[in-house]
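Asker: Mind looking over this structure? Questions follow.
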Amino acid sequence: MKPSSRSAVAPFYVMEVMKAAAERHAATGDVLHLEVGQPMTPAPAGVRAAAAAALGDDRLGYTHAAGTDALRHRIARFYGDRYGVAVDPGRVAVTVGASGGFLLALLAAFDAGARIGITEPGYAAYRNMITALDLELVGIRVGPETRYVPTPDAVAAAGPLDGFVVASPSNPTGTTLTPGELRAVAEHCHRNGIRLISDEIYHGITYGEPAATAWGMSPSGVVVQSFSKYYSMTGWRLGWLVLPDELIRPVEVLAQNLFISPPTLSQLAGVAAFDCAAELDGNVARYAGRRAIVVDGLRAAGIMDTAPADGAFYVWADVSHLTEDSRELCARWLDELGVAVTPGIDFDPAMGHRFVRLSYSESTEDVAEAMRRIVRWTASRPG
């Protein structure tokens, strides 16, 4: 017997880089991690205190498939506090991370064969999940001419679509759509019968204007959010969806069958995350400092062509003057410098061989040292 054709998706190369970095670390003890897209900080103190209390007082059984009432109401309140938009708690589905939420949204909204647009460059796991579900992936090219953000014209040029995934801030580029840009895309999608799925998991991590939510911009749209990035809770595997009327019950039933419920301990603790803004905004201030170190370091290394890093904790850099094989370049940097960086092929199958993604979520000291090594390496190259 053989595996299913649905399983024949490309690997998530950042995980391959992480594996190689772990092997080098075991052998030499010297690896600086610019490949991993997760905060180095633990969950905020209030979340950890709530988790400790729950461990002592709660039996931690199953919850409602869509999450606890307390967390769903707190998430709904967050939308009023942060964005000034109303969300009915009944529209909120708590999920097993944003990945679990994205899976539920795809299954609830689209039949096999549906055409789903996603930007190139764009998040690799979303692209591979679309393929694994027998949906037709439609790449939509974004580049420097639009600040690496999608436009209604780019969506229209892709031909008939059933769905479109927009991410703001984006992984891997870090670029953020303005409220006007996001509204234009959302309204175009709704007018043309395209289900918008708005990935907002990096909200809270921006270095200028706050990111806008797509909720309320498209009556048929879905918002995907997560506690992983801004809230520094990657391993807690907790996210949420905000859903239009017609998807509330389908998502609930699918969640019952696929997951039973999201992690109970994470939900009980997660309510406290919304009251930890001072601690979390301190993390963002440190990201801003590291962002400057990476951008300045790349320029010193002669790597000048980067996407605008408006948010998240990534820089997307064109290294085509150094290589036409970003995977090989990343392997060399790991082997020769002890610096782990993700090749662009993870995020852009057509042009990714010319790009790398650098994450600055690790410590300021590690990020600074990694950039010093890259600058020395490029300076030592002949010519």
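Letters A, B, ... go to the chains of the structure tokens in the order shown; residues in each chain start at 1; ligands are counted from 1 in the same order.
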Step one, run DSSP on the backbone; step two, keep only residues of segment 89-331 of chain A assigned to strand (DSSP E or B); then write them as an mmCIF file with C-alpha atoms, in the first residue's frame.

Answerer:
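Final file, states.cif:
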```cif
data_model
loop_
_atom_site.group_PDB
_atom_site.id
_atom_site.type_symbol
_atom_site.label_atom_id
_atom_site.label_comp_id
_atom_site.auth_asym_id
_atom_site.auth_seq_id
_atom_site.Cartn_x
_atom_site.Cartn_y
_atom_site.Cartn_z
ATOM 1 C CA VAL A 92 -16.267 33.222 17.949
ATOM 2 C CA ALA A 93 -14.875 29.699 17.682
ATOM 3 C CA VAL A 94 -11.837 28.950 19.819
ATOM 4 C CA THR A 95 -9.446 26.648 17.943
ATOM 5 C CA ARG A 115 -9.951 27.666 -6.271
ATOM 6 C CA ILE A 116 -8.203 29.402 -3.372
ATOM 7 C CA GLY A 117 -5.875 32.340 -3.939
ATOM 8 C CA ILE A 118 -2.859 32.941 -1.732
ATOM 9 C CA THR A 119 -0.092 35.455 -2.133
ATOM 10 C CA GLU A 120 3.366 34.501 -3.359
ATOM 11 C CA GLU A 136 -6.840 24.211 -6.123
ATOM 12 C CA LEU A 137 -4.088 26.577 -5.075
ATOM 13 C CA VAL A 138 -3.862 29.787 -7.099
ATOM 14 C CA GLY A 139 -0.714 31.822 -6.524
ATOM 15 C CA ILE A 140 -1.107 35.612 -6.608
ATOM 16 C CA ARG A 141 2.189 37.391 -7.134
ATOM 17 C CA GLY A 163 -11.585 32.045 -1.721
ATOM 18 C CA PHE A 164 -8.647 34.337 -1.030
ATOM 19 C CA VAL A 165 -6.266 34.318 1.941
ATOM 20 C CA VAL A 166 -4.871 37.688 2.983
ATOM 21 C CA ALA A 167 -2.316 38.075 5.781
ATOM 22 C CA ARG A 195 -14.700 34.131 0.518
ATOM 23 C CA LEU A 196 -12.030 36.210 2.252
ATOM 24 C CA ILE A 197 -9.972 34.532 4.963
ATOM 25 C CA SER A 198 -8.037 37.176 6.871
ATOM 26 C CA ASP A 199 -4.957 35.936 8.729
ATOM 27 C CA THR A 206 3.491 46.462 14.262
ATOM 28 C CA VAL A 222 -13.554 34.868 8.120
ATOM 29 C CA VAL A 223 -10.946 36.169 10.569
ATOM 30 C CA VAL A 224 -8.198 33.846 11.836
ATOM 31 C CA GLN A 225 -6.380 34.864 15.008
ATOM 32 C CA SER A 226 -3.967 33.293 17.472
ATOM 33 C CA GLY A 239 -6.372 30.451 18.434
ATOM 34 C CA TRP A 240 -9.785 31.610 17.290
ATOM 35 C CA LEU A 241 -12.038 32.304 14.327
ATOM 36 C CA VAL A 242 -14.636 35.042 13.875
ATOM 37 C CA THR A 306 14.041 43.946 1.410
ATOM 38 C CA GLY A 311 5.023 44.162 11.449
ATOM 39 C CA TYR A 314 10.579 38.960 9.842
ATOM 40 C CA VAL A 315 12.638 40.531 7.092
ATOM 41 C CA TRP A 316 12.226 39.181 3.542
ATOM 42 C CA ALA A 317 15.462 39.799 1.666
ATOM 43 C CA ASP A 318 16.527 39.410 -1.951
#
```

Asker: Leaving out Val14 of chain A and any residue of its chain fewer than 5 positions from it, which residues lie within 10 Å of it when counting only C-alpha atoms, given as a list in words?

Answerer: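 Skipping anything fewer than 5 positions along the chain leaves Lys19, Ala20, Glu35, Val36, Gly37, Ala124, Ala340, Val341, Thr342, Pro343, Gly344, Ile345, Asp346, Phe347 and Arg357 of chain A.
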
Asker: Grab the residues selected above and save them as an mmCIF file, in the first residue's frame with C-alpha atoms.

Answerer:
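The result, written out as result_1.cif:
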```
data_model
loop_
_atom_site.group_PDB
_atom_site.id
_atom_site.type_symbol
_atom_site.label_atom_id
_atom_site.label_comp_id
_atom_site.auth_asym_id
_atom_site.auth_seq_id
_atom_site.Cartn_x
_atom_site.Cartn_y
_atom_site.Cartn_z
ATOM 1 C CA LYS A 19 16.406 20.034 12.486
ATOM 2 C CA ALA A 20 19.773 20.821 10.876
ATOM 3 C CA GLU A 35 14.910 30.789 11.246
ATOM 4 C CA VAL A 36 12.216 30.254 13.879
ATOM 5 C CA GLY A 37 9.039 32.346 13.837
ATOM 6 C CA ALA A 124 3.988 27.783 3.398
ATOM 7 C CA ALA A 340 20.200 29.504 10.856
ATOM 8 C CA VAL A 341 18.070 31.350 8.274
ATOM 9 C CA THR A 342 15.037 30.098 6.307
ATOM 10 C CA PRO A 343 15.279 29.775 2.501
ATOM 11 C CA GLY A 344 12.625 31.589 0.511
ATOM 12 C CA ILE A 345 11.461 28.418 -1.237
ATOM 13 C CA ASP A 346 9.319 27.771 1.834
ATOM 14 C CA PHE A 347 7.168 30.772 0.968
ATOM 15 C CA ARG A 357 13.527 35.092 5.523
#
```

Asker: Considering only C-alpha atoms, state which residue in the set A:Ala8, A:Leu254, A:Val47, A:Leu32 is at the smallest distance from Asp134 of chain A.

Answerer: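 Among the listed residues, A:Ala8 lies closest to Asp134 of chain A.
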
Asker: If you measure from atom CA of Phe110 of chain A to atom CA of Thr63 of chain A, what distance in Å do you get, rounded to one decimal?

Answerer: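 Atom CA of Thr63 of chain A lies 26.7 Å from atom CA of Phe110 of chain A.
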
Asker: Given the choices A:Asn283, A:Thr176, A:Thr131, A:Asn192, which gets closest to Ser363 of chain A if the distance is worked out from only C-alpha atoms?

Answerer: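 Looking at the shortest contact to Ser363 of chain A, the residue is A:Asn283.
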
Asker: Considering only C-alpha atoms, return as an mmCIF file with N, CA and C atoms, in the first residue's frame whatever protein or nucleic-acid residues lie within 12 Å of Ala255 of chain A, sequence-local ones (same chain, fewer than 3 positions apart) excluded.

Answerer:
```cif
data_model
loop_
_atom_site.group_PDB
_atom_site.id
_atom_site.type_symbol
_atom_site.label_atom_id
_atom_site.label_comp_id
_atom_site.auth_asym_id
_atom_site.auth_seq_id
_atom_site.Cartn_x
_atom_site.Cartn_y
_atom_site.Cartn_z
ATOM 1 N N THR A 63 -14.198 20.970 26.961
ATOM 2 C CA THR A 63 -15.067 22.140 26.939
ATOM 3 C C THR A 63 -15.991 22.028 25.730
ATOM 4 N N HIS A 64 -16.844 23.023 25.561
ATOM 5 C CA HIS A 64 -17.636 23.146 24.345
ATOM 6 C C HIS A 64 -16.683 23.131 23.148
ATOM 7 N N ALA A 65 -17.095 22.537 22.046
ATOM 8 C CA ALA A 65 -16.224 22.427 20.878
ATOM 9 C C ALA A 65 -15.755 23.784 20.386
ATOM 10 N N ALA A 66 -16.566 24.818 20.560
ATOM 11 C CA ALA A 66 -16.204 26.166 20.120
ATOM 12 C C ALA A 66 -15.513 26.967 21.211
ATOM 13 N N GLY A 67 -15.237 26.349 22.353
ATOM 14 C CA GLY A 67 -14.514 27.033 23.409
ATOM 15 C C GLY A 67 -15.384 27.402 24.590
ATOM 16 N N ALA A 93 -15.203 31.111 17.459
ATOM 17 C CA ALA A 93 -14.875 29.699 17.682
ATOM 18 C C ALA A 93 -13.424 29.621 18.130
ATOM 19 N N VAL A 94 -13.198 29.142 19.325
ATOM 20 C CA VAL A 94 -11.837 28.950 19.819
ATOM 21 C C VAL A 94 -11.273 27.678 19.177
ATOM 22 N N THR A 95 -10.010 27.732 18.758
ATOM 23 C CA THR A 95 -9.446 26.648 17.943
ATOM 24 C C THR A 95 -8.104 26.184 18.489
ATOM 25 N N VAL A 96 -7.644 25.071 17.958
ATOM 26 C CA VAL A 96 -6.327 24.535 18.313
ATOM 27 C C VAL A 96 -5.284 25.295 17.497
ATOM 28 N N GLY A 100 -5.251 25.095 13.368
ATOM 29 C CA GLY A 100 -6.513 24.381 13.489
ATOM 30 C C GLY A 100 -7.685 25.217 13.011
ATOM 31 N N GLY A 101 -7.624 26.523 13.266
ATOM 32 C CA GLY A 101 -8.677 27.413 12.794
ATOM 33 C C GLY A 101 -8.714 27.494 11.282
ATOM 34 N N PHE A 102 -7.559 27.587 10.666
ATOM 35 C CA PHE A 102 -7.495 27.662 9.206
ATOM 36 C C PHE A 102 -8.039 26.378 8.579
ATOM 37 N N LEU A 103 -7.674 25.234 9.156
ATOM 38 C CA LEU A 103 -8.199 23.960 8.673
ATOM 39 C C LEU A 103 -9.719 23.936 8.762
ATOM 40 N N LEU A 104 -10.276 24.343 9.889
ATOM 41 C CA LEU A 104 -11.736 24.351 10.051
ATOM 42 C C LEU A 104 -12.391 25.299 9.060
ATOM 43 N N ALA A 105 -11.796 26.462 8.854
ATOM 44 C CA ALA A 105 -12.367 27.425 7.914
ATOM 45 C C ALA A 105 -12.373 26.872 6.491
ATOM 46 N N LEU A 107 -12.377 23.684 5.542
ATOM 47 C CA LEU A 107 -13.316 22.571 5.424
ATOM 48 C C LEU A 107 -14.763 23.055 5.443
ATOM 49 N N ALA A 108 -15.040 24.074 6.249
ATOM 50 C CA ALA A 108 -16.411 24.559 6.364
ATOM 51 C C ALA A 108 -16.840 25.366 5.145
ATOM 52 N N TRP A 240 -8.340 31.439 17.425
ATOM 53 C CA TRP A 240 -9.785 31.610 17.290
ATOM 54 C C TRP A 240 -10.154 32.034 15.885
ATOM 55 N N LEU A 241 -11.411 31.819 15.552
ATOM 56 C CA LEU A 241 -12.038 32.304 14.327
ATOM 57 C C LEU A 241 -13.162 33.256 14.692
ATOM 58 N N LEU A 247 -21.313 29.955 8.580
ATOM 59 C CA LEU A 247 -20.220 29.041 8.919
ATOM 60 C C LEU A 247 -20.160 28.694 10.400
ATOM 61 N N ILE A 248 -20.999 29.316 11.226
ATOM 62 C CA ILE A 248 -20.911 29.075 12.672
ATOM 63 C C ILE A 248 -21.175 27.608 13.006
ATOM 64 N N ARG A 249 -22.295 27.079 12.557
ATOM 65 C CA ARG A 249 -22.639 25.691 12.867
ATOM 66 C C ARG A 249 -21.721 24.693 12.160
ATOM 67 N N PRO A 250 -21.386 24.882 10.871
ATOM 68 C CA PRO A 250 -20.457 23.939 10.247
ATOM 69 C C PRO A 250 -19.111 23.851 10.965
ATOM 70 N N VAL A 251 -18.571 24.987 11.391
ATOM 71 C CA VAL A 251 -17.291 24.958 12.104
ATOM 72 C C VAL A 251 -17.437 24.232 13.434
ATOM 73 N N GLU A 252 -18.537 24.463 14.134
ATOM 74 C CA GLU A 252 -18.752 23.794 15.415
ATOM 75 C C GLU A 252 -18.796 22.279 15.245
ATOM 76 N N LEU A 258 -13.257 16.672 14.735
ATOM 77 C CA LEU A 258 -11.815 16.667 14.495
ATOM 78 C C LEU A 258 -11.002 16.854 15.762
ATOM 79 N N PHE A 259 -11.494 17.691 16.693
ATOM 80 C CA PHE A 259 -10.685 18.054 17.857
ATOM 81 C C PHE A 259 -11.375 17.828 19.197
ATOM 82 N N ILE A 260 -12.667 17.568 19.204
ATOM 83 C CA ILE A 260 -13.511 17.525 20.404
ATOM 84 C C ILE A 260 -13.593 18.912 21.044
ATOM 85 N N SER A 261 -12.438 19.453 21.466
ATOM 86 C CA SER A 261 -12.420 20.811 22.001
ATOM 87 C C SER A 261 -10.988 21.315 21.985
ATOM 88 N N PRO A 262 -10.798 22.627 22.069
ATOM 89 C CA PRO A 262 -9.445 23.156 22.218
ATOM 90 C C PRO A 262 -8.890 22.813 23.597
#
```

Asker: Need the shell around Arg372 of chain A: protein/DNA/RNA residues with any atom at most 10 Å away, counting only C-alpha atoms. Skip same-chain ones fewer than 4 positions apart. Format as a list in words?

Answerer: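 Residues meeting the cut-off are Ile293, Val294, Gly297, Leu298, Ala300, Ala301, Asp366, Val367, Ala368, Arg376 and Trp377 of chain A.
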
Asker: Give me a file of those residues, with N, CA and C atoms, as a PDB file, in the first residue's frame.

Answerer:
```
ATOM      1  N   ILE A 293      18.328  46.303  13.941  1.00  0.00           N
ATOM      2  CA  ILE A 293      19.620  45.611  13.842  1.00  0.00           C
ATOM      3  C   ILE A 293      19.690  44.779  12.569  1.00  0.00           C
ATOM      4  N   VAL A 294      18.617  44.070  12.240  1.00  0.00           N
ATOM      5  CA  VAL A 294      18.621  43.220  11.051  1.00  0.00           C
ATOM      6  C   VAL A 294      18.651  44.060   9.782  1.00  0.00           C
ATOM      7  N   GLY A 297      21.999  45.668   9.476  1.00  0.00           N
ATOM      8  CA  GLY A 297      23.007  44.657   9.200  1.00  0.00           C
ATOM      9  C   GLY A 297      22.959  44.167   7.763  1.00  0.00           C
ATOM     10  N   LEU A 298      21.761  43.978   7.244  1.00  0.00           N
ATOM     11  CA  LEU A 298      21.634  43.551   5.854  1.00  0.00           C
ATOM     12  C   LEU A 298      22.203  44.597   4.904  1.00  0.00           C
ATOM     13  N   ALA A 300      24.549  46.732   5.601  1.00  0.00           N
ATOM     14  CA  ALA A 300      26.001  46.679   5.746  1.00  0.00           C
ATOM     15  C   ALA A 300      26.592  45.490   4.995  1.00  0.00           C
ATOM     16  N   ALA A 301      25.788  44.448   4.848  1.00  0.00           N
ATOM     17  CA  ALA A 301      26.219  43.259   4.111  1.00  0.00           C
ATOM     18  C   ALA A 301      25.971  43.384   2.608  1.00  0.00           C
ATOM     19  N   ASP A 366      21.733  37.669  20.385  1.00  0.00           N
ATOM     20  CA  ASP A 366      21.889  36.655  19.342  1.00  0.00           C
ATOM     21  C   ASP A 366      21.651  37.250  17.956  1.00  0.00           C
ATOM     22  N   VAL A 367      20.630  38.090  17.845  1.00  0.00           N
ATOM     23  CA  VAL A 367      20.349  38.709  16.556  1.00  0.00           C
ATOM     24  C   VAL A 367      21.517  39.583  16.111  1.00  0.00           C
ATOM     25  N   ALA A 368      22.062  40.372  17.022  1.00  0.00           N
ATOM     26  CA  ALA A 368      23.181  41.250  16.683  1.00  0.00           C
ATOM     27  C   ALA A 368      24.408  40.448  16.268  1.00  0.00           C
ATOM     28  N   ARG A 376      30.446  40.000   8.096  1.00  0.00           N
ATOM     29  CA  ARG A 376      31.827  39.565   7.871  1.00  0.00           C
ATOM     30  C   ARG A 376      31.915  38.595   6.699  1.00  0.00           C
ATOM     31  N   TRP A 377      30.950  37.697   6.607  1.00  0.00           N
ATOM     32  CA  TRP A 377      30.961  36.690   5.536  1.00  0.00           C
ATOM     33  C   TRP A 377      30.853  37.350   4.169  1.00  0.00           C
TER      34      TRP A 377
END
```

Asker: What does the distance from atom CA of Pro11 of chain A to atom CA of Met40 of chain A come to in Å, to one decimal?

Answerer: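 Pair atom CA of Pro11 of chain A / atom CA of Met40 of chain A returns 24.1 Å.
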
Asker: So which residues touch Lys229 of chain A within 8 Å, counting only C-alpha atoms, skipping near sequence neighbours fewer than 6 positions away, as a PyMOL selection string?

Answerer: chain A and resi 38-39+201-202

Asker: Considering only alpha helix (DSSP H) as DSSP defines it on the backbone, what residues of segment 200-279 of chain A qualify? List them as JSON, numbers by chain.

Answerer: {"A": [245, 246, 247, 248, 249, 250, 251, 252, 253, 254, 255, 256, 257, 258, 264, 265, 266, 267, 268, 269, 270, 277, 278, 279]}

Asker: Calculated over only C-alpha atoms, which of the candidates A:Glu279, A:Val319, A:Ser326, A:Arg290 has the smallest distance to Ala45 of chain A?

Answerer: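 Between A:Glu279, A:Val319, A:Ser326, A:Arg290, the residue approaching Ala45 of chain A most closely is A:Glu279.
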
Asker: Of the residues A:Ala52, A:Ile303, A:Cys330, A:Leu265, which is the one nearest to His353 of chain A, using only C-alpha atoms?

Answerer: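 With only C-alpha atoms as the atom set, the closest residue is A:Cys330.
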
Asker: From the options A:Gly174, A:Pro150, A:Gly56, A:Gly122, which residue's atoms come nearest to Ala312 of chain A, counting only C-alpha atoms?

Answerer: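 The shortest atom-to-atom distance to Ala312 of chain A comes from A:Gly174.
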
Asker: Please, what distance in Å, to one decimal, runs between atom CA of Ala186 of chain A and atom CA of Gly216 of chain A?

Answerer: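 Going from atom CA of Ala186 of chain A over to atom CA of Gly216 of chain A covers 9.3 Å.
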
Asker: So, counting only C-alpha atoms, which residue among A:Arg183, A:Gly204, A:Pro160, A:Ala154 is closest to Phe274 of chain A?

Answerer: A:Gly204
